[in-house]
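One structure is given here, and the rest of the page talks about it.
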Amino acid sequence: MVREKAQTFTLEGITAAILLLIVTYTLFQSSLVMSPMWNEFSDAQLKQLAYDTLRVLDGDKLYNDSLKGMLIRLNSSFKPNDEFVTSLEKLIKPANYRVEVRWVNKTTGRVESRVLIDNRPTPEAVAASRIVVLTNGDFNSTSPFYDDSLPDHAPIAVEVRLIVWTA
């Protein structure tokens, strides 16, 4: 009888140890450890620089160096005007950058994408984007965003994406 009690206590002890091991393993596997890393800090700075640059360029006016002004002046070559590029470089330097646009082509119903400034990003690059809303009447007939089947007051949304990295 004493021997049976001892075996029962031994089995309970082994079971308890296994349960504690499973609980400990599960706890460590499910927890997320947050540790500051220097490369994450620089990525945050670059991302903020990209957001700030887009915010500054997204003025309410249709100046040549604003996002709206640049989009209105784009044609099928997708080359941004010089004033916009100069302002962008003043804001973003010394970082390298790439600029892309995306919009919905109402005729085909597909999302179109074009690269405006084609620099090759590194794997550490970060991206920020801004949605610019204009009307169909803001564009002339040579614009890639213009749709002659839409009324002039129809909104056209274009995403401007800025990808930034350091050399």
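Chains: A, B, ... in order of the structure tokens. Residues: from 1 per chain. Ligands: from 1, in order shown.
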**Message:** Residues near segment 165-167 of chain A, anyone? I mean within 9 Å using only C-alpha atoms, not counting same-chain ones fewer than 4 positions away, as a ChimeraX atom specification.
**Reply:** /A:43,46,94-97,121-127
Keeping only all heavy atoms, write the selected residues as an mmCIF file, in the first residue's frame.
```
data_model
loop_
_atom_site.group_PDB
_atom_site.id
_atom_site.type_symbol
_atom_site.label_atom_id
_atom_site.label_comp_id
_atom_site.auth_asym_id
_atom_site.auth_seq_id
_atom_site.Cartn_x
_atom_site.Cartn_y
_atom_site.Cartn_z
ATOM 1 N N ASP A 43 15.353 53.405 -39.894
ATOM 2 C CA ASP A 43 14.209 53.206 -40.771
ATOM 3 C C ASP A 43 13.062 54.125 -40.375
ATOM 4 O O ASP A 43 12.382 54.676 -41.226
ATOM 5 C CB ASP A 43 13.733 51.754 -40.729
ATOM 6 C CG ASP A 43 14.697 50.804 -41.419
ATOM 7 O OD1 ASP A 43 15.633 51.292 -42.081
ATOM 8 O OD2 ASP A 43 14.521 49.592 -41.272
ATOM 9 N N LEU A 46 13.871 57.584 -41.651
ATOM 10 C CA LEU A 46 13.680 57.674 -43.099
ATOM 11 C C LEU A 46 12.198 57.705 -43.462
ATOM 12 O O LEU A 46 11.772 58.469 -44.329
ATOM 13 C CB LEU A 46 14.346 56.489 -43.797
ATOM 14 C CG LEU A 46 15.829 56.593 -44.045
ATOM 15 C CD1 LEU A 46 16.367 55.296 -44.633
ATOM 16 C CD2 LEU A 46 16.153 57.746 -44.960
ATOM 17 N N PRO A 94 20.007 64.195 -47.943
ATOM 18 C CA PRO A 94 20.955 63.403 -48.716
ATOM 19 C C PRO A 94 20.459 61.996 -49.045
ATOM 20 O O PRO A 94 21.221 61.193 -49.558
ATOM 21 C CB PRO A 94 22.171 63.341 -47.809
ATOM 22 C CG PRO A 94 21.600 63.308 -46.439
ATOM 23 C CD PRO A 94 20.367 64.174 -46.511
ATOM 24 N N ALA A 95 19.217 61.683 -48.741
ATOM 25 C CA ALA A 95 18.707 60.333 -49.015
ATOM 26 C C ALA A 95 18.459 60.157 -50.516
ATOM 27 O O ALA A 95 18.243 61.126 -51.241
ATOM 28 C CB ALA A 95 17.422 60.093 -48.237
ATOM 29 N N ASN A 96 18.476 58.922 -50.955
ATOM 30 C CA ASN A 96 18.120 58.578 -52.333
ATOM 31 C C ASN A 96 16.623 58.299 -52.365
ATOM 32 O O ASN A 96 16.026 57.943 -51.345
ATOM 33 C CB ASN A 96 18.894 57.351 -52.799
ATOM 34 C CG ASN A 96 20.375 57.621 -52.885
ATOM 35 O OD1 ASN A 96 20.792 58.650 -53.389
ATOM 36 N ND2 ASN A 96 21.175 56.708 -52.374
ATOM 37 N N TYR A 97 16.018 58.394 -53.535
ATOM 38 C CA TYR A 97 14.568 58.251 -53.602
ATOM 39 C C TYR A 97 14.114 57.700 -54.936
ATOM 40 O O TYR A 97 14.841 57.709 -55.926
ATOM 41 C CB TYR A 97 13.892 59.602 -53.350
ATOM 42 C CG TYR A 97 14.236 60.634 -54.389
ATOM 43 C CD1 TYR A 97 13.416 60.818 -55.484
ATOM 44 C CD2 TYR A 97 15.388 61.410 -54.289
ATOM 45 C CE1 TYR A 97 13.731 61.745 -56.451
ATOM 46 C CE2 TYR A 97 15.709 62.337 -55.247
ATOM 47 C CZ TYR A 97 14.877 62.503 -56.334
ATOM 48 O OH TYR A 97 15.199 63.414 -57.293
ATOM 49 N N PRO A 121 16.154 51.172 -55.486
ATOM 50 C CA PRO A 121 16.285 51.167 -54.020
ATOM 51 C C PRO A 121 17.084 49.979 -53.508
ATOM 52 O O PRO A 121 17.188 48.954 -54.171
ATOM 53 C CB PRO A 121 14.834 51.089 -53.538
ATOM 54 C CG PRO A 121 14.085 50.497 -54.666
ATOM 55 C CD PRO A 121 14.811 50.867 -55.938
ATOM 56 N N THR A 122 17.629 50.145 -52.327
ATOM 57 C CA THR A 122 18.319 49.060 -51.642
ATOM 58 C C THR A 122 17.294 48.253 -50.854
ATOM 59 O O THR A 122 16.162 48.703 -50.670
ATOM 60 C CB THR A 122 19.395 49.616 -50.682
ATOM 61 O OG1 THR A 122 18.729 50.372 -49.666
ATOM 62 C CG2 THR A 122 20.398 50.478 -51.409
ATOM 63 N N PRO A 123 17.642 47.071 -50.352
ATOM 64 C CA PRO A 123 16.688 46.279 -49.565
ATOM 65 C C PRO A 123 16.243 46.985 -48.278
ATOM 66 O O PRO A 123 15.191 46.649 -47.730
ATOM 67 C CB PRO A 123 17.463 45.003 -49.234
ATOM 68 C CG PRO A 123 18.495 44.900 -50.296
ATOM 69 C CD PRO A 123 18.861 46.308 -50.660
ATOM 70 N N GLU A 124 16.995 47.944 -47.783
ATOM 71 C CA GLU A 124 16.636 48.646 -46.555
ATOM 72 C C GLU A 124 15.716 49.844 -46.808
ATOM 73 O O GLU A 124 15.446 50.621 -45.897
ATOM 74 C CB GLU A 124 17.890 49.130 -45.822
ATOM 75 C CG GLU A 124 18.790 48.021 -45.315
ATOM 76 C CD GLU A 124 19.715 47.475 -46.390
ATOM 77 O OE1 GLU A 124 20.022 48.219 -47.352
ATOM 78 O OE2 GLU A 124 20.120 46.315 -46.294
ATOM 79 N N ALA A 125 15.246 50.019 -48.021
ATOM 80 C CA ALA A 125 14.416 51.175 -48.362
ATOM 81 C C ALA A 125 13.072 51.118 -47.639
ATOM 82 O O ALA A 125 12.556 50.047 -47.326
ATOM 83 C CB ALA A 125 14.202 51.223 -49.868
ATOM 84 N N VAL A 126 12.521 52.299 -47.373
ATOM 85 C CA VAL A 126 11.193 52.417 -46.773
ATOM 86 C C VAL A 126 10.318 53.244 -47.706
ATOM 87 O O VAL A 126 10.822 54.020 -48.513
ATOM 88 C CB VAL A 126 11.254 53.064 -45.363
ATOM 89 C CG1 VAL A 126 12.009 52.179 -44.403
ATOM 90 C CG2 VAL A 126 11.870 54.439 -45.412
ATOM 91 N N ALA A 127 9.017 53.081 -47.581
ATOM 92 C CA ALA A 127 8.096 53.774 -48.474
ATOM 93 C C ALA A 127 7.048 54.532 -47.685
ATOM 94 O O ALA A 127 6.656 54.130 -46.592
ATOM 95 C CB ALA A 127 7.422 52.777 -49.403
#
```
**Request:** Quick one: everything within 8 Å of Trp103 of chain A, counting only C-alpha atoms, minus sequence neighbours fewer than 5 positions away in the same chain. Send it as a PyMOL selection string.
**Result:** chain A and resi 111-113+145+157-159
**Prompt:** Out of segment 89-145 of chain A, which residues get strand (DSSP E) from DSSP, as a PyMOL selection string?
**Reply:** chain A and resi 96-105+110-117+126-135
Keeping C-alpha atoms, export the residues of the selection given above as a short mmCIF file (atom, residue, chain, number, x, y, z; two decimals), in the first residue's frame.
```
data_model
loop_
_atom_site.label_atom_id
_atom_site.label_comp_id
_atom_site.auth_asym_id
_atom_site.auth_seq_id
_atom_site.Cartn_x
_atom_site.Cartn_y
_atom_site.Cartn_z
CA ASN A 96 18.12 58.58 -52.33
CA TYR A 97 14.57 58.25 -53.60
CA ARG A 98 12.19 56.74 -56.14
CA VAL A 99 8.75 58.14 -57.05
CA GLU A 100 5.84 56.06 -58.31
CA VAL A 101 2.17 56.77 -59.01
CA ARG A 102 -0.85 54.44 -58.87
CA TRP A 103 -4.42 55.08 -59.94
CA VAL A 104 -7.52 53.21 -61.09
CA ASN A 105 -8.05 53.25 -64.83
CA ARG A 110 -7.50 47.98 -63.32
CA VAL A 111 -4.96 49.64 -61.07
CA GLU A 112 -2.26 51.25 -63.19
CA SER A 113 1.23 51.91 -61.86
CA ARG A 114 4.10 53.96 -63.31
CA VAL A 115 7.53 54.96 -62.10
CA LEU A 116 8.22 58.69 -62.39
CA ILE A 117 11.79 58.78 -61.06
CA VAL A 126 11.19 52.42 -46.77
CA ALA A 127 8.10 53.77 -48.47
CA ALA A 128 5.50 56.42 -47.74
CA SER A 129 2.51 57.34 -49.84
CA ARG A 130 -0.04 60.08 -50.14
CA ILE A 131 -3.40 60.07 -51.93
CA VAL A 132 -3.97 63.15 -54.09
CA VAL A 133 -7.54 63.80 -55.21
CA LEU A 134 -8.17 65.95 -58.27
CA THR A 135 -11.10 66.24 -60.65
#
```
**Request:** Choose the residue, out of A:Ser143, A:Gln48, A:Asp58, A:Leu19, that has the smallest atom-to-atom separation from Lys79 of chain A; count only C-alpha atoms.
**Result:** A:Ser143
**Fill in**
In terms of only C-alpha atoms, the residue from A:Thr108, A:Ser77, A:Arg161, A:Gly137 at minimal distance from Ala50 of chain A is A:Arg161
**Asked** What is the distance, in Å and to one decimal place, between atom CA of Thr15 of chain A and atom CA of Phe28 of chain A?
**Response**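 Computing it gives 20.1 Å between the two atoms.
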All residues 12 Å or closer to Asp148 of chain A, only C-alpha atoms, same chain fewer than 4 positions away omitted, as an mmCIF file with all heavy atoms, in the first residue's frame:
```
data_model
loop_
_atom_site.group_PDB
_atom_site.id
_atom_site.type_symbol
_atom_site.label_atom_id
_atom_site.label_comp_id
_atom_site.auth_asym_id
_atom_site.auth_seq_id
_atom_site.Cartn_x
_atom_site.Cartn_y
_atom_site.Cartn_z
ATOM 1 N N ASN A 105 -7.639 52.928 -63.474
ATOM 2 C CA ASN A 105 -8.051 53.254 -64.829
ATOM 3 C C ASN A 105 -9.536 52.893 -64.936
ATOM 4 O O ASN A 105 -9.895 51.723 -64.894
ATOM 5 C CB ASN A 105 -7.216 52.465 -65.833
ATOM 6 C CG ASN A 105 -7.513 52.839 -67.255
ATOM 7 O OD1 ASN A 105 -8.610 53.237 -67.598
ATOM 8 N ND2 ASN A 105 -6.509 52.687 -68.103
ATOM 9 N N LYS A 106 -10.394 53.908 -65.046
ATOM 10 C CA LYS A 106 -11.840 53.674 -65.034
ATOM 11 C C LYS A 106 -12.303 52.899 -66.269
ATOM 12 O O LYS A 106 -13.296 52.190 -66.219
ATOM 13 C CB LYS A 106 -12.581 55.008 -64.954
ATOM 14 C CG LYS A 106 -12.197 55.857 -63.781
ATOM 15 C CD LYS A 106 -13.094 55.638 -62.645
ATOM 16 C CE LYS A 106 -12.643 56.582 -61.533
ATOM 17 N NZ LYS A 106 -13.528 56.691 -60.469
ATOM 18 N N THR A 107 -11.581 53.016 -67.371
ATOM 19 C CA THR A 107 -11.971 52.318 -68.589
ATOM 20 C C THR A 107 -11.772 50.816 -68.450
ATOM 21 O O THR A 107 -12.657 50.025 -68.784
ATOM 22 C CB THR A 107 -11.148 52.839 -69.791
ATOM 23 O OG1 THR A 107 -11.270 54.254 -69.848
ATOM 24 C CG2 THR A 107 -11.627 52.230 -71.090
ATOM 25 N N ASN A 136 -11.533 65.302 -62.810
ATOM 26 C CA ASN A 136 -11.238 64.973 -64.203
ATOM 27 C C ASN A 136 -11.001 66.244 -65.023
ATOM 28 O O ASN A 136 -10.187 66.267 -65.931
ATOM 29 C CB ASN A 136 -12.386 64.152 -64.789
ATOM 30 C CG ASN A 136 -12.007 63.476 -66.083
ATOM 31 O OD1 ASN A 136 -10.908 62.969 -66.237
ATOM 32 N ND2 ASN A 136 -12.930 63.461 -67.028
ATOM 33 N N GLY A 137 -11.675 67.335 -64.669
ATOM 34 C CA GLY A 137 -11.510 68.597 -65.377
ATOM 35 C C GLY A 137 -10.171 69.272 -65.132
ATOM 36 O O GLY A 137 -9.784 70.179 -65.868
ATOM 37 N N PHE A 139 -7.336 67.867 -65.511
ATOM 38 C CA PHE A 139 -6.374 67.303 -66.455
ATOM 39 C C PHE A 139 -6.734 67.695 -67.882
ATOM 40 O O PHE A 139 -7.903 67.850 -68.223
ATOM 41 C CB PHE A 139 -6.360 65.770 -66.344
ATOM 42 C CG PHE A 139 -6.026 65.265 -64.976
ATOM 43 C CD1 PHE A 139 -6.990 64.705 -64.169
ATOM 44 C CD2 PHE A 139 -4.735 65.354 -64.487
ATOM 45 C CE1 PHE A 139 -6.693 64.240 -62.907
ATOM 46 C CE2 PHE A 139 -4.414 64.894 -63.228
ATOM 47 C CZ PHE A 139 -5.395 64.341 -62.432
ATOM 48 N N ASN A 140 -5.709 67.785 -68.735
ATOM 49 C CA ASN A 140 -5.995 68.008 -70.155
ATOM 50 C C ASN A 140 -6.065 66.650 -70.853
ATOM 51 O O ASN A 140 -5.787 65.609 -70.256
ATOM 52 C CB ASN A 140 -4.960 68.945 -70.801
ATOM 53 C CG ASN A 140 -3.556 68.390 -70.757
ATOM 54 O OD1 ASN A 140 -3.366 67.185 -70.856
ATOM 55 N ND2 ASN A 140 -2.580 69.253 -70.612
ATOM 56 N N SER A 141 -6.396 66.649 -72.115
ATOM 57 C CA SER A 141 -6.653 65.392 -72.830
ATOM 58 C C SER A 141 -5.399 64.543 -73.020
ATOM 59 O O SER A 141 -5.507 63.352 -73.293
ATOM 60 C CB SER A 141 -7.299 65.684 -74.184
ATOM 61 O OG SER A 141 -6.420 66.484 -74.969
ATOM 62 N N THR A 142 -4.193 65.112 -72.861
ATOM 63 C CA THR A 142 -2.964 64.317 -73.006
ATOM 64 C C THR A 142 -2.545 63.651 -71.697
ATOM 65 O O THR A 142 -1.598 62.883 -71.678
ATOM 66 C CB THR A 142 -1.802 65.201 -73.507
ATOM 67 O OG1 THR A 142 -1.542 66.217 -72.533
ATOM 68 C CG2 THR A 142 -2.128 65.821 -74.854
ATOM 69 N N SER A 143 -3.252 63.928 -70.622
ATOM 70 C CA SER A 143 -2.902 63.364 -69.319
ATOM 71 C C SER A 143 -3.283 61.886 -69.259
ATOM 72 O O SER A 143 -4.351 61.489 -69.754
ATOM 73 C CB SER A 143 -3.627 64.120 -68.207
ATOM 74 O OG SER A 143 -3.430 63.470 -66.975
ATOM 75 N N PRO A 144 -2.446 61.071 -68.653
ATOM 76 C CA PRO A 144 -2.798 59.653 -68.510
ATOM 77 C C PRO A 144 -3.961 59.431 -67.540
ATOM 78 O O PRO A 144 -4.559 58.351 -67.539
ATOM 79 C CB PRO A 144 -1.519 59.018 -67.972
ATOM 80 C CG PRO A 144 -0.749 60.128 -67.370
ATOM 81 C CD PRO A 144 -1.131 61.373 -68.094
ATOM 82 N N ASP A 152 -16.458 66.473 -65.874
ATOM 83 C CA ASP A 152 -15.314 67.247 -65.379
ATOM 84 C C ASP A 152 -15.210 67.257 -63.858
ATOM 85 O O ASP A 152 -14.121 67.349 -63.313
ATOM 86 C CB ASP A 152 -15.374 68.684 -65.888
ATOM 87 C CG ASP A 152 -14.921 68.785 -67.333
ATOM 88 O OD1 ASP A 152 -14.383 67.786 -67.855
ATOM 89 O OD2 ASP A 152 -15.094 69.859 -67.937
ATOM 90 N N HIS A 153 -16.321 67.157 -63.149
ATOM 91 C CA HIS A 153 -16.295 67.222 -61.687
ATOM 92 C C HIS A 153 -16.042 65.852 -61.029
ATOM 93 O O HIS A 153 -15.976 65.751 -59.808
ATOM 94 C CB HIS A 153 -17.600 67.826 -61.154
ATOM 95 C CG HIS A 153 -18.802 66.976 -61.472
ATOM 96 N ND1 HIS A 153 -19.448 67.056 -62.675
ATOM 97 C CD2 HIS A 153 -19.453 66.040 -60.742
ATOM 98 C CE1 HIS A 153 -20.447 66.197 -62.685
ATOM 99 N NE2 HIS A 153 -20.482 65.573 -61.518
ATOM 100 N N ALA A 154 -15.864 64.804 -61.835
ATOM 101 C CA ALA A 154 -15.625 63.460 -61.288
ATOM 102 C C ALA A 154 -14.255 63.419 -60.606
ATOM 103 O O ALA A 154 -13.261 63.873 -61.162
ATOM 104 C CB ALA A 154 -15.677 62.423 -62.399
#
```
**Prompt:** Which residue, A:Ile92, A:Lys68, A:Asn119, A:Thr86, has the smallest gap to Val160 of chain A when you use only C-alpha atoms?
**Reply:**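 Using only C-alpha atoms, the shortest distance to Val160 of chain A belongs to A:Lys68.
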**Prompt:** Using only C-alpha atoms, which of the listed residues (A:Leu150, A:Leu54, A:Ile14, A:Ala44) sits closest to Ser66 of chain A?
**Reply:** A:Leu54
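For the atom pair formed by atom CA of Glu83 of chain A and atom CA of Tyr63 of chain A, the distance is 9.1 Å, given to one decimal.
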**Request:** Mind listing the alpha helix (DSSP H) residues of chain A, per DSSP on the backbone, as JSON, numbers by chain?
**Result:** {"A": [2, 3, 4, 5, 6, 7, 8, 9, 10, 11, 12, 13, 14, 15, 16, 17, 18, 19, 20, 21, 22, 23, 24, 25, 26, 27, 28, 29, 30, 38, 39, 40, 41, 42, 43, 44, 45, 46, 47, 48, 49, 50, 51, 52, 53, 54, 55, 56, 57, 67, 68, 69, 70, 71, 72, 73, 82, 83, 84, 85, 86, 87, 88, 89, 90, 91, 92]}
**Asked** Quick one: residues within 8 Å of Thr53 of chain A, only C-alpha atoms counted, chain neighbours fewer than 4 positions away excluded, as JSON, numbers by chain?
**Response** {"A": [49, 57, 88, 91, 92]}
**Request:** Using only C-alpha atoms, pick whichever of A:Ser87, A:Thr10, A:Thr26, A:Gln45 has the shortest atom-to-atom distance to Met70 of chain A.
**Result:**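 Ranked by minimum distance to Met70 of chain A, first place goes to A:Ser87.
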